[in-house]
$ cat structure-v9.cif   # mmCIF, C-alpha atoms and all ligand atoms
data_protein
#
loop_
_atom_site.group_PDB
_atom_site.id
_atom_site.type_symbol
_atom_site.label_atom_id
_atom_site.label_comp_id
_atom_site.auth_asym_id
_atom_site.auth_seq_id
_atom_site.Cartn_x
_atom_site.Cartn_y
_atom_site.Cartn_z
ATOM 1 C CA MET L 796 100.986 108.433 132.330
ATOM 2 C CA ARG L 797 98.709 111.457 132.319
ATOM 3 C CA LYS L 798 99.626 112.038 128.679
ATOM 4 C CA LEU L 799 98.836 108.416 127.848
ATOM 5 C CA SER L 800 95.389 108.522 129.455
ATOM 6 C CA LEU L 801 94.610 111.785 127.669
ATOM 7 C CA LEU L 802 95.617 110.218 124.376
ATOM 8 C CA MET L 803 93.565 107.124 125.042
ATOM 9 C CA ALA L 804 90.573 109.293 125.922
ATOM 10 C CA GLY L 805 91.160 110.989 122.587
ATOM 11 C CA TRP L 806 91.150 107.900 120.438
ATOM 12 C CA LEU L 807 88.262 106.369 122.308
ATOM 13 C CA GLY L 808 86.341 109.467 121.267
ATOM 14 C CA LEU L 809 85.913 110.722 124.840
ATOM 15 C CA THR L 810 87.259 114.172 124.089
ATOM 16 C CA GLY L 811 84.886 114.936 121.244
ATOM 17 C CA ARG L 812 84.605 113.933 117.623
ATOM 18 C CA GLY L 813 87.764 115.450 116.254
ATOM 19 C CA THR L 814 87.271 114.040 112.758
ATOM 20 C CA ALA L 815 86.295 115.991 109.684
ATOM 21 C CA ALA L 816 83.789 113.584 108.213
ATOM 22 C CA PRO L 817 81.022 111.795 110.097
ATOM 23 C CA SER L 818 82.031 108.237 110.942
ATOM 24 C CA PRO L 819 80.615 106.356 107.966
ATOM 25 C CA VAL L 820 80.876 102.892 109.440
ATOM 26 C CA ALA L 821 77.479 101.424 110.173
ATOM 27 C CA ALA L 822 76.609 100.971 113.822
ATOM 28 C CA GLY L 823 76.129 97.493 115.190
ATOM 29 C CA ALA L 824 78.148 94.687 116.706
ATOM 30 C CA ASP L 825 81.680 94.625 115.350
ATOM 31 C CA PRO L 826 83.434 91.348 116.159
ATOM 32 C CA PHE L 827 86.783 93.033 115.513
ATOM 33 C CA ALA L 828 86.301 96.026 117.857
ATOM 34 C CA ALA L 829 88.421 94.533 120.646
ATOM 35 C CA ALA L 830 91.213 93.492 118.257
ATOM 36 C CA ARG L 831 91.236 97.009 116.813
ATOM 37 C CA GLN L 832 91.478 98.657 120.230
ATOM 38 C CA HIS L 833 94.267 96.284 121.177
ATOM 39 C CA MET L 834 96.069 97.222 117.952
ATOM 40 C CA VAL L 835 95.916 100.917 118.865
ATOM 41 C CA ILE L 836 97.223 100.357 122.380
ATOM 42 C CA SER L 837 99.969 97.833 121.648
ATOM 43 C CA GLN L 838 101.135 98.827 118.147
ATOM 44 C CA LEU L 839 100.552 102.583 117.994
ATOM 45 C CA LEU L 840 100.760 103.901 121.564
ATOM 46 C CA GLY L 841 103.114 101.185 122.798
ATOM 47 C CA ALA L 842 106.807 101.283 123.581
ATOM 48 C CA GLY L 843 109.015 102.225 120.646
ATOM 49 C CA ARG L 844 106.016 103.330 118.567
ATOM 50 C CA GLY L 845 104.774 106.613 119.998
ATOM 51 C CA ILE L 846 101.972 107.807 117.732
ATOM 52 C CA THR L 847 100.700 110.866 119.648
ATOM 53 C CA ASN L 848 98.193 112.632 117.356
ATOM 54 C CA ALA L 849 94.841 112.031 119.106
ATOM 55 C CA ARG L 850 92.807 112.440 115.903
ATOM 56 C CA VAL L 851 94.962 109.883 114.096
ATOM 57 C CA LEU L 852 94.645 107.440 117.008
ATOM 58 C CA ALA L 853 90.865 107.964 117.094
ATOM 59 C CA VAL L 854 90.494 107.185 113.400
ATOM 60 C CA MET L 855 92.787 104.140 113.597
ATOM 61 C CA GLY L 856 90.467 102.931 116.357
ATOM 62 C CA GLN L 857 87.418 103.346 114.103
ATOM 63 C CA VAL L 858 88.272 102.292 110.533
ATOM 64 C CA PRO L 859 87.334 98.616 109.980
ATOM 65 C CA ARG L 860 90.658 97.324 108.583
ATOM 66 C CA HIS L 861 89.193 93.794 108.331
ATOM 67 C CA GLU L 862 86.863 95.069 105.570
ATOM 68 C CA PHE L 863 89.888 95.905 103.396
ATOM 69 C CA VAL L 864 91.706 92.542 103.520
ATOM 70 C CA PRO L 865 90.832 89.272 101.741
ATOM 71 C CA GLU L 866 88.224 87.298 103.679
ATOM 72 C CA ARG L 867 90.574 84.394 104.451
ATOM 73 C CA LEU L 868 93.001 86.831 106.165
ATOM 74 C CA ARG L 869 90.450 88.712 108.260
ATOM 75 C CA ALA L 870 91.566 87.118 111.527
ATOM 76 C CA GLN L 871 94.995 88.712 110.922
ATOM 77 C CA ALA L 872 93.677 92.126 109.903
ATOM 78 C CA TYR L 873 94.799 93.839 113.146
ATOM 79 C CA ASP L 874 98.156 92.050 113.455
ATOM 80 C CA ASP L 875 101.424 93.975 113.445
ATOM 81 C CA HIS L 876 102.430 93.332 109.823
ATOM 82 C CA PRO L 877 101.415 93.998 106.203
ATOM 83 C CA LEU L 878 99.075 91.543 104.425
ATOM 84 C CA PRO L 879 98.720 90.506 100.760
ATOM 85 C CA ILE L 880 95.720 92.022 98.938
ATOM 86 C CA GLY L 881 96.176 90.298 95.561
ATOM 87 C CA TYR L 882 97.947 91.337 92.327
ATOM 88 C CA GLY L 883 101.304 91.104 94.159
ATOM 89 C CA GLN L 884 100.398 94.108 96.355
ATOM 90 C CA THR L 885 100.028 94.610 100.111
ATOM 91 C CA ILE L 886 98.086 96.600 102.675
ATOM 92 C CA SER L 887 100.687 98.329 104.897
ATOM 93 C CA GLN L 888 101.297 97.467 108.543
ATOM 94 C CA PRO L 889 98.911 99.489 110.811
ATOM 95 C CA PHE L 890 101.835 101.345 112.433
ATOM 96 C CA ILE L 891 103.130 102.544 109.047
ATOM 97 C CA VAL L 892 99.640 103.779 108.095
ATOM 98 C CA ALA L 893 99.351 105.694 111.386
ATOM 99 C CA PHE L 894 102.937 107.010 111.196
ATOM 100 C CA MET L 895 102.609 108.327 107.640
ATOM 101 C CA THR L 896 99.229 109.858 108.445
ATOM 102 C CA GLU L 897 100.620 111.610 111.531
ATOM 103 C CA GLN L 898 103.587 112.958 109.550
ATOM 104 C CA LEU L 899 101.179 114.664 107.130
ATOM 105 C CA GLU L 900 99.606 116.685 109.996
ATOM 106 C CA PRO L 901 96.126 116.257 108.471
ATOM 107 C CA LYS L 902 93.657 119.100 109.024
ATOM 108 C CA PRO L 903 89.835 118.936 108.667
ATOM 109 C CA THR L 904 89.915 121.379 105.740
ATOM 110 C CA ASP L 905 92.703 119.611 103.792
ATOM 111 C CA ARG L 906 92.395 118.174 100.306
ATOM 112 C CA VAL L 907 94.800 115.244 100.104
ATOM 113 C CA LEU L 908 96.184 113.178 97.209
ATOM 114 C CA GLU L 909 97.202 109.554 97.773
ATOM 115 C CA ILE L 910 99.229 107.554 95.226
ATOM 116 C CA GLY L 911 98.771 103.776 95.574
ATOM 117 C CA THR L 912 95.159 103.126 96.668
ATOM 118 C CA GLY L 913 95.736 99.376 97.069
ATOM 119 C CA SER L 914 92.978 98.123 99.368
ATOM 120 C CA GLY L 915 91.593 101.616 100.055
ATOM 121 C CA TYR L 916 92.363 101.340 103.787
ATOM 122 C CA GLN L 917 94.817 104.251 103.947
ATOM 123 C CA ALA L 918 92.349 106.370 101.964
ATOM 124 C CA ALA L 919 89.627 105.514 104.509
ATOM 125 C CA VAL L 920 91.910 106.567 107.382
ATOM 126 C CA LEU L 921 92.640 109.883 105.643
ATOM 127 C CA ALA L 922 88.937 110.327 104.828
ATOM 128 C CA GLY L 923 88.147 110.448 108.535
ATOM 129 C CA LEU L 924 90.636 113.262 109.072
ATOM 130 C CA VAL L 925 90.426 115.608 106.089
ATOM 131 C CA ALA L 926 87.817 117.193 103.817
ATOM 132 C CA LYS L 927 88.535 115.254 100.623
ATOM 133 C CA VAL L 928 90.802 112.430 99.478
ATOM 134 C CA TYR L 929 91.828 111.843 95.855
ATOM 135 C CA THR L 930 93.515 108.470 95.383
ATOM 136 C CA ILE L 931 95.114 106.858 92.323
ATOM 137 C CA GLU L 932 95.813 103.148 91.746
ATOM 138 C CA ILE L 933 97.642 101.740 88.727
ATOM 139 C CA VAL L 934 96.129 98.218 88.915
ATOM 140 C CA GLU L 935 92.643 98.697 87.513
ATOM 141 C CA GLU L 936 91.120 95.750 89.375
ATOM 142 C CA LEU L 937 92.414 97.071 92.709
ATOM 143 C CA ALA L 938 91.108 100.571 91.949
ATOM 144 C CA ALA L 939 87.658 99.167 91.152
ATOM 145 C CA ARG L 940 87.570 96.989 94.255
ATOM 146 C CA ALA L 941 88.753 99.793 96.566
ATOM 147 C CA ALA L 942 86.194 102.198 95.096
ATOM 148 C CA ALA L 943 83.418 99.632 95.673
ATOM 149 C CA ASP L 944 84.564 98.896 99.246
ATOM 150 C CA LEU L 945 84.843 102.573 100.159
ATOM 151 C CA LYS L 946 81.365 103.203 98.752
ATOM 152 C CA ARG L 947 79.892 100.176 100.550
ATOM 153 C CA LEU L 948 81.359 101.419 103.845
ATOM 154 C CA GLY L 949 79.946 104.909 103.347
ATOM 155 C CA TYR L 950 83.081 106.938 102.616
ATOM 156 C CA THR L 951 81.639 109.705 100.469
ATOM 157 C CA ASN L 952 84.656 112.062 100.527
ATOM 158 C CA VAL L 953 87.043 109.753 98.621
ATOM 159 C CA GLN L 954 87.464 109.760 94.843
ATOM 160 C CA VAL L 955 89.331 106.795 93.312
ATOM 161 C CA ARG L 956 90.981 106.907 89.891
ATOM 162 C CA ALA L 957 92.640 104.075 87.974
ATOM 163 C CA GLY L 958 95.887 105.249 86.394
ATOM 164 C CA ASP L 959 99.552 106.108 86.840
ATOM 165 C CA GLY L 960 99.938 108.243 89.948
ATOM 166 C CA TYR L 961 103.341 109.481 88.802
ATOM 167 C CA LYS L 962 101.536 112.265 86.974
ATOM 168 C CA GLY L 963 99.398 113.185 89.968
ATOM 169 C CA TRP L 964 95.852 114.537 89.500
ATOM 170 C CA PRO L 965 96.333 117.939 87.805
ATOM 171 C CA GLU L 966 92.602 118.752 87.548
ATOM 172 C CA ALA L 967 92.170 118.549 91.327
ATOM 173 C CA ALA L 968 95.507 120.238 92.228
ATOM 174 C CA PRO L 969 96.861 121.977 94.231
ATOM 175 C CA PHE L 970 96.769 119.711 97.304
ATOM 176 C CA ASP L 971 97.426 120.515 100.960
ATOM 177 C CA ALA L 972 99.176 117.195 101.397
ATOM 178 C CA ILE L 973 100.278 114.219 99.292
ATOM 179 C CA MET L 974 100.915 110.664 100.501
ATOM 180 C CA VAL L 975 102.662 108.112 98.323
ATOM 181 C CA THR L 976 102.402 104.443 99.379
ATOM 182 C CA CYS L 977 104.556 102.893 96.634
ATOM 183 C CA ALA L 978 108.239 103.678 96.215
ATOM 184 C CA PRO L 979 109.730 105.540 93.238
ATOM 185 C CA GLU L 980 113.505 105.921 92.939
ATOM 186 C CA ARG L 981 113.130 109.713 93.042
ATOM 187 C CA VAL L 982 110.351 112.104 94.070
ATOM 188 C CA PRO L 983 108.106 112.606 90.989
ATOM 189 C CA GLN L 984 108.318 116.245 89.911
ATOM 190 C CA PRO L 985 104.587 116.463 88.958
ATOM 191 C CA LEU L 986 103.679 115.739 92.598
ATOM 192 C CA VAL L 987 105.963 118.518 93.844
ATOM 193 C CA GLU L 988 104.305 120.891 91.369
ATOM 194 C CA GLN L 989 100.817 119.877 92.541
ATOM 195 C CA LEU L 990 101.575 120.641 96.206
ATOM 196 C CA LYS L 991 100.393 123.926 97.756
ATOM 197 C CA ASP L 992 102.929 126.211 99.351
ATOM 198 C CA GLY L 993 103.125 125.164 103.011
ATOM 199 C CA GLY L 994 102.070 121.643 102.002
ATOM 200 C CA ARG L 995 103.617 118.295 102.940
ATOM 201 C CA ILE L 996 104.502 115.159 100.986
ATOM 202 C CA ILE L 997 105.279 111.853 102.693
ATOM 203 C CA ILE L 998 106.877 109.361 100.312
ATOM 204 C CA PRO L 999 109.116 106.266 100.421
ATOM 205 C CA VAL L 1000 112.075 106.870 98.098
ATOM 206 C CA GLY L 1001 114.792 104.518 96.945
ATOM 207 C CA PRO L 1002 115.639 101.237 95.223
ATOM 208 C CA LEU L 1003 113.735 98.000 95.705
ATOM 209 C CA TRP L 1004 113.385 96.984 99.371
ATOM 210 C CA ASN L 1005 115.759 99.658 100.636
ATOM 211 C CA GLN L 1006 113.921 102.931 100.938
ATOM 212 C CA GLU L 1007 113.693 105.904 103.244
ATOM 213 C CA LEU L 1008 110.408 107.481 104.148
ATOM 214 C CA VAL L 1009 110.965 111.130 103.272
ATOM 215 C CA LEU L 1010 108.956 114.116 104.497
ATOM 216 C CA LEU L 1011 109.003 117.121 102.162
ATOM 217 C CA ARG L 1012 107.664 120.572 102.918
ATOM 218 C CA LYS L 1013 107.180 123.340 100.391
ATOM 219 C CA ARG L 1014 108.001 126.690 101.969
ATOM 220 C CA GLY L 1015 108.222 129.924 100.028
ATOM 221 C CA GLY L 1016 108.669 127.954 96.819
ATOM 222 C CA LYS L 1017 111.538 125.921 98.314
ATOM 223 C CA LEU L 1018 111.491 122.253 99.178
ATOM 224 C CA GLU L 1019 112.747 121.150 102.589
ATOM 225 C CA GLN L 1020 113.206 117.464 103.067
ATOM 226 C CA HIS L 1021 114.330 114.983 105.652
ATOM 227 C CA ALA L 1022 114.343 111.230 106.013
ATOM 228 C CA VAL L 1023 112.134 110.002 108.841
ATOM 229 C CA LEU L 1024 112.237 106.183 108.758
ATOM 230 C CA PRO L 1025 113.824 103.288 106.820
ATOM 231 C CA VAL L 1026 110.977 101.337 105.139
ATOM 232 C CA ARG L 1027 110.110 98.618 102.607
ATOM 233 C CA PHE L 1028 107.359 99.446 100.145
ATOM 234 C CA VAL L 1029 106.350 97.899 96.840
ATOM 235 C CA PRO L 1030 107.941 99.820 93.941
ATOM 236 C CA MET L 1031 106.110 102.520 92.017
ATOM 237 C CA THR L 1032 105.444 101.035 88.589
ATOM 238 C CA GLY L 1033 104.530 103.005 85.464
ATOM 239 C CA LYS L 1034 106.335 106.153 84.400
ATOM 240 C CA GLY L 1035 108.159 106.611 87.718
ATOM 241 C CA GLN L 1036 109.942 103.279 87.528
ATOM 242 C CA GLY L 1037 113.701 103.677 87.316
ATOM 243 C CA LYS L 1038 113.379 107.215 86.044
ATOM 244 C CA PRO L 1039 115.371 109.761 88.014
ATOM 245 C CA GLU L 1040 113.759 113.178 88.439
ATOM 246 C CA VAL L 1041 115.307 116.445 89.455
ATOM 247 C CA ARG L 1042 114.083 117.476 92.895
ATOM 248 C CA SER L 1043 113.418 121.137 92.397
ATOM 249 C CA VAL L 1044 110.477 123.474 92.766
ATOM 250 C CA LYS L 1045 109.670 125.816 89.920
HETATM 251 N N1 LIG I 1 97.766 102.394 100.506
HETATM 252 C C1 LIG I 1 97.447 101.006 100.253
HETATM 253 C C2 LIG I 1 98.662 100.113 100.178
HETATM 254 C C3 LIG I 1 99.458 100.395 98.991
HETATM 255 S S1 LIG I 1 100.428 99.130 98.284
HETATM 256 C C4 LIG I 1 96.472 100.432 101.258
HETATM 257 O O1 LIG I 1 96.074 101.151 102.186
HETATM 258 O O2 LIG I 1 96.068 99.298 101.085
HETATM 259 C C5 LIG I 1 101.013 100.118 96.951
HETATM 260 C C6 LIG I 1 100.041 100.288 95.825
HETATM 261 O O3 LIG I 1 100.609 101.195 94.904
HETATM 262 C C7 LIG I 1 99.774 98.996 95.063
HETATM 263 O O4 LIG I 1 98.405 98.725 95.047
HETATM 264 C C8 LIG I 1 100.306 99.304 93.655
HETATM 265 O O5 LIG I 1 99.561 98.698 92.612
HETATM 266 C C9 LIG I 1 100.200 100.809 93.604
HETATM 267 N N2 LIG I 1 101.043 101.484 92.616
HETATM 268 C C10 LIG I 1 102.292 101.132 92.196
HETATM 269 N N3 LIG I 1 102.730 102.013 91.271
HETATM 270 C C11 LIG I 1 101.742 102.941 91.107
HETATM 271 C C12 LIG I 1 101.597 104.086 90.274
HETATM 272 N N4 LIG I 1 102.546 104.477 89.408
HETATM 273 N N5 LIG I 1 100.441 104.801 90.365
HETATM 274 C C13 LIG I 1 99.446 104.425 91.218
HETATM 275 N N6 LIG I 1 99.536 103.330 92.006
HETATM 276 C C14 LIG I 1 100.668 102.599 91.971
#

$ encode --input "structure-v9.cif" --output "structure tokens"
Amino acid sequence: MRKLSLLMAGWLGLTGRGTAAPSPVAAGADPFAAARQHMVISQLLGAGRGITNARVLAVMGQVPRHEFVPERLRAQAYDDHPLPIGYGQTISQPFIVAFMTEQLEPKPTDRVLEIGTGSGYQAAVLAGLVAKVYTIEIVEELAARAAADLKRLGYTNVQVRAGDGYKGWPEAAPFDAIMVTCAPERVPQPLVEQLKDGGRIIIPVGPLWNQELVLLRKRGGKLEQHAVLPVRFVPMTGKGQGKPEVRSVK
């Protein structure tokens, strides 16, 4: 109980700021504030969920998820499921966003790469926790819309690129952490190469609709990996589709 109240104090911002970037969301009445707080309590802190990172909980309680979903679905923005965002793609369930973010152990000084920008929501969550987010989206229209939304909402530490994330972002590498939100059949080798030593990758891996969320850590040039959760993500399209890669670190 004591732990729970401490955590709640954390995400309500009562224990200090705790985020790397200033909260970019404009002040003023937010009709979704109560729904968002309820989401944090029931879907993230609740039974069987157990997100414990206070900084992650704080950011999940701040980022306006309703701004990243189609207008007609706004009333469902804080519900416990993914939502369509157009072009056959989805914004992940809030719990999955929080879980993957927590697994990355984000630090205020980190530079993070995300593959699969989609709506831009996950990038916004990361932006509140780390120094800089680089995010790549293969559907050009989605990349353009996410970039515009992130700019409109004041997220200045996110850079969006339209392209195939399989190849990573070599010019900005190496990264402290990499998050992949679409599922390749194997871990793309370029991403492993663009990860700093000591860095983490969280990635869904496997065939269509039957994937494991895998956490990889690079330590002393070696890659440690373990499966953390069975998941269902949209497939990684582009070069990574159906193309097995050797999982080794050079
Ligand atoms: N993180 C997103 C949800 C991602 S859905 C959010 O917060 O809304 C997965 C996204 O990955 C889709 O938008 C899809 O177009 C994109 N994607 C699929 N293959 C990709 C690839 N090779 N490179 C970059 N993006 C890819």

$ residues_near_ligand --input "structure-v9.cif" --ligand "ligand LIG 1 (chain I)" --cutoff "6 Å" --atoms "all atoms listed in the file" --output "PyMOL selection string"
chain L and resi 884-887+910-917+931-934+959-961+976-977+1029+1031-1033

$ resolve_selection --input "structure-v9.cif" --expression "the PyMOL selection byres (((chain L and resi 929) around 6) and not hetatm)" --output "VMD selection string"
chain L and resid 908 928 930 953 to 954

$ atom_distance --input "structure-v9.cif" --atom1 "atom CA of Val907 of chain L" --atom2 "atom CA of Arg844 of chain L"
24.7 Å

$ closest_residue --input "structure-v9.cif" --among "L:Gly1016, L:Pro969, L:Pro865, L:Pro983" --to "Leu878 of chain L" --atoms "all atoms listed in the file"
L:Pro865

$ axis_aligned_box --input "structure-v9.cif" --around "segment 881-893 of chain L" --padding-each-side "3 Å" --output "lines of an AutoDock Vina configuration file"
center_x = 99.7
center_y = 98.0
center_z = 102.4
size_x = 13.0
size_y = 21.4
size_z = 26.1

$ closest_residue --input "structure-v9.cif" --among "L:Ala941, L:Leu899, L:Val955, L:Ala872" --to "Phe970 of chain L" --atoms "only C-alpha atoms"
L:Leu899

$ resolve_selection --input "structure-v9.cif" --expression "the PyMOL selection byres (((chain L and resi 890) around 8) and not hetatm)" --output "list in words"
Gln838, Leu839, Arg844, Asp875, Gln888, Pro889, Ile891, Val892, Ala893 and Phe894 of chain L

$ closest_residue --input "structure-v9.cif" --among "L:Glu936, L:Glu900, L:Asp905, L:Asp944" --to "Arg860 of chain L" --atoms "only C-alpha atoms"
L:Asp944

$ resolve_selection --input "structure-v9.cif" --expression "the PyMOL selection byres (((chain L and resi 1009) around 8) and not hetatm)" --output "ChimeraX atom specification"
/L:996-1000,1007-1008,1010-1011,1020-1024

$ atom_distance --input "structure-v9.cif" --atom1 "atom CA of Ala978 of chain L" --atom2 "atom CA of Gly994 of chain L"
19.9 Å

$ atom_distance --input "structure-v9.cif" --atom1 "atom CA of Ala938 of chain L" --atom2 "atom CA of Ala957 of chain L"
5.5 Å

$ closest_residue --input "structure-v9.cif" --among "L:Pro1002, L:Val1026, L:Gly1035, L:Ala919" --to "Val982 of chain L" --atoms "only C-alpha atoms"
L:Gly1035

$ closest_residue --input "structure-v9.cif" --among "L:Val864, L:Ala939, L:Ala926, L:Ala968" --to "Asn952 of chain L" --atoms "only C-alpha atoms"
L:Ala926

$ residues_around --input "structure-v9.cif" --residues "Asp825 of chain L" --least-positions-apart "4" --cutoff "12 Å" --atoms "only C-alpha atoms" --output "list in words"
Val820, Ala821, Ala829, Ala830, Arg831, Gln832, Gln857, Val858, Pro859, Arg860, His861 and Glu862 of chain L
